[in-house]
>>> print(open('final09.pdb').read())   # PDB, C-alpha atoms
ATOM      1  CA  MET A   1     -76.697  15.910-120.074
ATOM      2  CA  THR A   2     -73.855  18.221-119.165
ATOM      3  CA  PRO A   3     -73.055  18.141-115.445
ATOM      4  CA  ARG A   4     -72.768  21.459-113.646
ATOM      5  CA  VAL A   5     -70.288  19.970-111.144
ATOM      6  CA  THR A   6     -67.529  17.428-111.777
ATOM      7  CA  LEU A   7     -64.557  16.253-109.748
ATOM      8  CA  THR A   8     -61.014  15.105-110.231
ATOM      9  CA  PRO A   9     -59.884  11.546-109.448
ATOM     10  CA  LYS A  10     -57.955  12.910-106.462
ATOM     11  CA  ALA A  11     -61.136  14.511-105.073
ATOM     12  CA  SER A  12     -63.045  11.277-105.679
ATOM     13  CA  GLU A  13     -60.472   9.346-103.644
ATOM     14  CA  LEU A  14     -60.791  11.778-100.751
ATOM     15  CA  ILE A  15     -64.592  11.626-100.868
ATOM     16  CA  ALA A  16     -64.406   7.813-100.666
ATOM     17  CA  GLU A  17     -62.125   8.091 -97.619
ATOM     18  CA  LEU A  18     -64.451  10.590 -95.930
ATOM     19  CA  LYS A  19     -67.522   8.460 -96.706
ATOM     20  CA  ALA A  20     -65.841   5.439 -95.104
ATOM     21  CA  ARG A  21     -65.219   7.508 -91.990
ATOM     22  CA  TYR A  22     -68.433   9.568 -91.763
ATOM     23  CA  GLY A  23     -71.085   7.966 -93.968
ATOM     24  CA  ALA A  24     -73.235   9.956 -96.408
ATOM     25  CA  LEU A  25     -71.851  13.388 -97.283
ATOM     26  CA  MET A  26     -72.990  16.663 -98.829
ATOM     27  CA  PHE A  27     -71.208  19.744-100.191
ATOM     28  CA  HIS A  28     -72.013  23.436 -99.967
ATOM     29  CA  GLN A  29     -69.993  26.021-101.872
ATOM     30  CA  SER A  30     -69.230  28.638 -99.262
ATOM     31  CA  GLY A  31     -69.842  32.284 -99.980
ATOM     32  CA  GLY A  32     -66.392  33.414 -98.940
ATOM     33  CA  CYS A  33     -66.912  34.772 -95.419
ATOM     34  CA  CYS A  34     -64.191  33.139 -93.322
ATOM     35  CA  ASP A  35     -63.236  30.275 -95.589
ATOM     36  CA  GLY A  36     -62.518  32.009 -98.887
ATOM     37  CA  SER A  37     -65.300  30.627-101.072
ATOM     38  CA  GLN A  38     -64.308  26.982-101.088
ATOM     39  CA  PRO A  39     -66.447  23.859-101.322
ATOM     40  CA  MET A  40     -67.210  22.589 -97.850
ATOM     41  CA  CYS A  41     -67.896  18.921 -97.136
ATOM     42  CA  PHE A  42     -70.255  17.931 -94.315
ATOM     43  CA  GLU A  43     -71.953  14.820 -93.087
ATOM     44  CA  LYS A  44     -75.269  14.740 -94.937
ATOM     45  CA  GLY A  45     -77.750  16.904 -93.037
ATOM     46  CA  ASP A  46     -75.134  18.715 -90.925
ATOM     47  CA  PHE A  47     -75.446  21.886 -93.005
ATOM     48  CA  ARG A  48     -78.868  23.443 -92.843
ATOM     49  CA  LEU A  49     -80.269  24.106 -96.299
ATOM     50  CA  GLY A  50     -83.169  26.396 -97.087
ATOM     51  CA  GLN A  51     -85.071  28.085 -99.863
ATOM     52  CA  SER A  52     -82.081  30.329-100.539
ATOM     53  CA  ASP A  53     -80.024  27.308-101.719
ATOM     54  CA  VAL A  54     -79.856  25.483-105.040
ATOM     55  CA  CYS A  55     -78.523  21.976-105.754
ATOM     56  CA  LEU A  56     -76.316  21.933-108.848
ATOM     57  CA  GLY A  57     -76.043  18.155-108.971
ATOM     58  CA  THR A  58     -74.179  15.309-107.330
ATOM     59  CA  ILE A  59     -70.550  14.247-107.200
ATOM     60  CA  ASP A  60     -69.904  10.661-106.094
ATOM     61  CA  ASP A  61     -73.495  10.498-104.778
ATOM     62  CA  CYS A  62     -73.031  13.664-102.688
ATOM     63  CA  GLU A  63     -75.362  16.593-103.337
ATOM     64  CA  PHE A  64     -73.576  19.843-104.204
ATOM     65  CA  TRP A  65     -75.346  23.030-103.047
ATOM     66  CA  MET A  66     -74.722  26.770-103.115
ATOM     67  CA  SER A  67     -76.757  29.860-102.356
ATOM     68  CA  LYS A  68     -79.003  31.145-105.146
ATOM     69  CA  ASP A  69     -77.314  34.565-104.943
ATOM     70  CA  GLN A  70     -73.897  33.037-105.508
ATOM     71  CA  PHE A  71     -75.258  30.810-108.278
ATOM     72  CA  GLU A  72     -76.224  33.954-110.215
ATOM     73  CA  TYR A  73     -72.483  34.577-110.674
ATOM     74  CA  TRP A  74     -71.504  30.944-111.326
ATOM     75  CA  GLN A  75     -74.434  29.805-113.520
ATOM     76  CA  HIS A  76     -72.438  30.031-116.752
ATOM     77  CA  THR A  77     -69.598  27.849-115.486
ATOM     78  CA  GLN A  78     -68.931  24.188-114.896
ATOM     79  CA  LEU A  79     -67.345  23.620-111.505
ATOM     80  CA  THR A  80     -64.626  21.023-111.030
ATOM     81  CA  ILE A  81     -63.886  19.999-107.457
ATOM     82  CA  ASP A  82     -60.251  19.200-106.782
ATOM     83  CA  VAL A  83     -58.068  18.660-103.687
ATOM     84  CA  VAL A  84     -54.916  20.501-102.685
ATOM     85  CA  GLU A  85     -52.577  20.175 -99.742
ATOM     86  CA  GLY A  86     -52.895  22.786 -97.069
ATOM     87  CA  ARG A  87     -55.196  23.554 -94.255
ATOM     88  CA  GLY A  88     -58.113  25.751 -95.155
ATOM     89  CA  SER A  89     -59.892  27.887 -92.595
ATOM     90  CA  SER A  90     -63.255  26.150 -92.762
ATOM     91  CA  PHE A  91     -65.259  23.515 -90.950
ATOM     92  CA  SER A  92     -65.076  21.082 -93.862
ATOM     93  CA  LEU A  93     -64.423  17.421 -92.983
ATOM     94  CA  GLU A  94     -61.134  17.139 -94.903
ATOM     95  CA  ILE A  95     -59.371  19.954 -93.030
ATOM     96  CA  PRO A  96     -57.935  17.764 -90.200
ATOM     97  CA  LEU A  97     -56.246  15.633 -92.903
ATOM     98  CA  GLY A  98     -54.155  18.609 -94.049
ATOM     99  CA  LEU A  99     -56.107  18.823 -97.317
ATOM    100  CA  ARG A 100     -58.804  21.060 -98.686
ATOM    101  CA  PHE A 101     -61.262  20.905-101.519
ATOM    102  CA  LEU A 102     -60.871  23.572-104.187
ATOM    103  CA  THR A 103     -63.288  24.734-106.879
ATOM    104  CA  GLN A 104     -62.036  25.351-110.402
ATOM    105  CA  SER A 105     -64.370  26.679-113.071
ATOM    106  CA  ARG A 106     -64.656  27.089-116.807
ATOM    107  CA  LEU A 107     -67.349  28.598-119.007
ATOM    108  CA  PHE A 108     -69.828  26.233-120.597
ATOM    109  CA  THR A 109     -69.748  25.985-124.361
ATOM    110  CA  GLU A 110     -72.897  27.006-126.205
ATOM    111  CA  SER A 111     -73.814  23.374-126.913
ATOM    112  CA  GLU A 112     -73.259  22.414-123.249
ATOM    113  CA  ARG A 113     -75.570  25.214-122.097
ATOM    114  CA  GLN A 114     -78.334  23.720-124.214
ATOM    115  CA  ASP A 115     -78.099  20.404-122.331
ATOM    116  CA  LEU A 116     -77.416  21.227-118.667
ATOM    117  CA  GLU A 117     -78.498  18.994-115.809
ATOM    118  CA  PRO A 118     -81.559  20.482-114.101
ATOM    119  CA  LEU A 119     -81.248  22.368-110.836
ATOM    120  CA  ARG A 120     -83.054  21.309-107.655
ATOM    121  CA  TYR A 121     -84.434  23.461-104.869
ATOM    122  CA  ILE A 122     -85.727  23.000-101.330
ATOM    123  CA  GLU A 123     -89.499  22.922-101.210
ATOM    124  CA  ASP A 124     -91.586  23.535 -98.108
TER
END
>>> encode(input="final09.pdb", output="structure tokens")
Amino acid sequence: MTPRVTLTPKASELIAELKARYGALMFHQSGGCCDGSQPMCFEKGDFRLGQSDVCLGTIDDCEFWMSKDQFEYWQHTQLTIDVVEGRGSSFSLEIPLGLRFLTQSRLFTESERQDLEPLRYIED
């Protein structure tokens, strides 16, 4: 199946470092309020999810979520999570290290769209 979210080796290294420090992690793609629409990394369970969120998949055993409204715009793209130097303006765990996660995207090919990983949702 075609993953909806992938990551670079550099991002994988940072996730391993953060896991060693904090334990299980999760991601939520911010909507761009104060942090400029970047992927935010939290200790698993520290970001409250609800029925307005959708899980696109996992990266290094970390669930990757975004709001359903935002997903409407991104549903045709594969997201690649990378890391860049610089301090973002978010509450993401990597910020004190002088790094920040960054989302890059590309359109799925027609054959990839036919074989996408399924989405998951919060159920009451």
>>> resolve_selection(input="final09.pdb", expression="the PyMOL selection byres ((chain A and resi 88) around 12)", output="ChimeraX atom specification")
/A:32,34-40,83-87,89-102
>>> closest_residue(input="final09.pdb", among="A:Ala16, A:Met26, A:Leu49, A:Ala11", to="Tyr121 of chain A", atoms="all atoms listed in the file")
A:Leu49
>>> atom_distance(input="final09.pdb", atom1="atom CA of Tyr22 of chain A", atom2="atom CA of Thr80 of chain A")
22.7 Å
>>> resolve_selection(input="final09.pdb", expression="the PyMOL selection byres ((chain A and resi 63) around 9)", output="list in words")
Leu25, Met26, Phe27, His28, Lys44, Cys55, Leu56, Gly57, Thr58, Ile59, Asp60, Asp61, Cys62, Phe64 and Trp65 of chain A
>>> axis_aligned_box(input="final09.pdb", around="segment 17-28 of chain A", padding_each_side="4 Å", output="AutoDock Vina command-line options")
--center_x -67.7 --center_y 14.4 --center_z -96.0 --size_x 19.1 --size_y 26.0 --size_z 16.4
>>> residues_around(input="final09.pdb", residues="Met1 of chain A", least_positions_apart="3", cutoff="7 Å", atoms="all atoms listed in the file", output="list in words")
Asp115, Leu116 and Glu117 of chain A
>>> resolve_selection(input="final09.pdb", expression="the PyMOL selection byres ((chain A and resi 50) around 10)", output="list in words")
Phe47, Arg48, Leu49, Gln51, Ser52, Asp53, Val54, Ser67, Tyr121, Ile122, Glu123 and Asp124 of chain A
>>> closest_residue(input="final09.pdb", among="A:Gly45, A:Glu13, A:Gly31, A:Ala20", to="Phe71 of chain A", atoms="all atoms listed in the file")
A:Gly31
>>> atom_distance(input="final09.pdb", atom1="atom CA of Arg4 of chain A", atom2="atom CA of Gln78 of chain A")
4.9 Å
>>> residues_around(input="final09.pdb", residues="Pro9 of chain A", least_positions_apart="3", cutoff="10 Å", atoms="only C-alpha atoms", output="PyMOL selection string")
chain A and resi 6+12-15+81-83
>>> atom_distance(input="final09.pdb", atom1="atom CA of Glu112 of chain A", atom2="atom CA of Thr8 of chain A")
19.3 Å
>>> decode(input="final09.pdb", residues="segment 1-123 of chain A", atoms="C-alpha atoms", output="compact mmCIF listing (two decimals), in the first residue's frame")
# COMPACT_ATOMS: atom_id res chain seq x y z
CA MET A 1 0.00 0.00 0.00
CA THR A 2 1.08 3.56 -0.63
CA PRO A 3 1.76 5.46 2.59
CA ARG A 4 0.14 8.87 2.99
CA VAL A 5 3.01 10.05 5.22
CA THR A 6 6.72 9.26 4.93
CA LEU A 7 9.83 10.73 6.51
CA THR A 8 13.42 11.45 5.68
CA PRO A 9 16.33 9.67 7.39
CA LYS A 10 17.15 12.92 9.19
CA ALA A 11 13.60 13.10 10.60
CA SER A 12 13.81 9.45 11.62
CA GLU A 13 17.00 10.15 13.57
CA LEU A 14 15.37 13.03 15.41
CA ILE A 15 12.29 10.95 16.22
CA ALA A 16 14.55 8.25 17.71
CA GLU A 17 16.27 10.89 19.86
CA LEU A 18 12.94 12.31 21.03
CA LYS A 19 11.57 8.82 21.78
CA ALA A 20 14.62 8.07 23.92
CA ARG A 21 13.97 11.25 25.87
CA TYR A 22 10.15 11.27 26.08
CA GLY A 23 8.85 7.80 25.24
CA ALA A 24 5.98 7.19 22.81
CA LEU A 25 5.24 10.11 20.49
CA MET A 26 2.49 11.35 18.18
CA PHE A 27 2.28 14.01 15.45
CA HIS A 28 -0.44 16.48 14.53
CA GLN A 29 -0.17 18.65 11.43
CA SER A 30 -1.01 22.10 12.71
CA GLY A 31 -3.53 24.24 10.90
CA GLY A 32 -1.29 27.27 10.67
CA CYS A 33 -2.50 29.51 13.50
CA CYS A 34 0.65 30.53 15.37
CA ASP A 35 3.05 27.91 14.11
CA GLY A 36 2.71 28.19 10.34
CA SER A 37 1.18 24.83 9.47
CA GLN A 38 4.03 22.58 10.52
CA PRO A 39 3.98 19.04 11.90
CA MET A 40 4.01 19.15 15.67
CA CYS A 41 5.47 16.34 17.77
CA PHE A 42 4.03 15.58 21.21
CA GLU A 43 4.32 12.90 23.81
CA LYS A 44 1.62 10.38 22.91
CA GLY A 45 -1.66 11.56 24.43
CA ASP A 46 -0.50 15.13 25.12
CA PHE A 47 -2.50 16.49 22.18
CA ARG A 48 -6.21 16.00 22.55
CA LEU A 49 -7.71 14.35 19.49
CA GLY A 50 -11.39 14.28 18.62
CA GLN A 51 -13.89 13.42 15.93
CA SER A 52 -12.63 16.34 13.85
CA ASP A 53 -9.24 14.61 13.38
CA VAL A 54 -8.06 11.93 10.98
CA CYS A 55 -5.00 9.66 11.27
CA LEU A 56 -3.11 9.44 7.98
CA GLY A 57 -0.79 6.68 9.14
CA THR A 58 2.32 6.17 11.21
CA ILE A 59 5.93 7.25 10.89
CA ASP A 60 8.44 5.34 13.01
CA ASP A 61 5.53 3.95 15.08
CA CYS A 62 4.15 7.45 15.75
CA GLU A 63 0.59 8.21 14.65
CA PHE A 64 0.29 11.20 12.31
CA TRP A 65 -2.96 13.19 12.63
CA MET A 66 -4.51 16.30 11.11
CA SER A 67 -7.92 17.92 11.16
CA LYS A 68 -10.48 16.58 8.68
CA ASP A 69 -10.97 20.10 7.28
CA GLN A 70 -7.27 20.44 6.53
CA PHE A 71 -7.15 16.91 5.11
CA GLU A 72 -9.68 17.98 2.46
CA TYR A 73 -6.90 20.15 0.98
CA TRP A 74 -4.07 17.63 1.45
CA GLN A 75 -5.86 14.37 0.53
CA HIS A 76 -4.30 14.19 -2.94
CA THR A 77 -0.74 14.52 -1.66
CA GLN A 78 1.84 12.34 0.02
CA LEU A 79 3.45 14.14 2.94
CA THR A 80 7.14 13.75 3.68
CA ILE A 81 8.30 14.85 7.11
CA ASP A 82 11.76 16.37 7.19
CA VAL A 83 13.85 18.36 9.70
CA VAL A 84 15.45 21.77 9.24
CA GLU A 85 17.55 23.94 11.50
CA GLY A 86 15.82 26.87 13.08
CA ARG A 87 13.45 27.46 15.88
CA GLY A 88 9.82 27.27 14.94
CA SER A 89 7.13 29.05 16.92
CA SER A 90 5.29 25.97 18.14
CA PHE A 91 5.07 23.73 21.17
CA SER A 92 6.59 20.77 19.34
CA LEU A 93 9.15 18.71 21.29
CA GLU A 94 12.07 19.35 18.90
CA ILE A 95 11.96 23.15 19.21
CA PRO A 96 14.34 23.41 22.23
CA LEU A 97 16.95 21.53 20.14
CA GLY A 98 17.06 24.35 17.58
CA LEU A 99 15.34 22.15 14.98
CA ARG A 100 11.87 21.90 13.55
CA PHE A 101 9.93 19.35 11.59
CA LEU A 102 8.80 20.44 8.14
CA THR A 103 6.17 18.97 5.83
CA GLN A 104 6.90 18.59 2.13
CA SER A 105 4.24 17.29 -0.23
CA ARG A 106 3.81 15.89 -3.71
CA LEU A 107 0.75 14.74 -5.63
CA PHE A 108 0.01 11.04 -5.68
CA THR A 109 0.25 9.31 -9.02
CA GLU A 110 -2.93 7.72 -10.35
CA SER A 111 -1.67 4.22 -9.50
CA GLU A 112 -0.71 5.31 -5.96
CA ARG A 113 -4.19 6.74 -5.38
CA GLN A 114 -5.65 3.33 -6.15
CA ASP A 115 -3.64 1.73 -3.32
CA LEU A 116 -3.55 4.24 -0.44
CA GLU A 117 -3.24 3.20 3.19
CA PRO A 118 -6.63 3.49 4.90
CA LEU A 119 -7.44 6.44 7.13
CA ARG A 120 -8.39 6.07 10.80
CA TYR A 121 -10.75 8.16 12.88
CA ILE A 122 -11.60 8.64 16.55
CA GLU A 123 -14.70 6.73 17.54
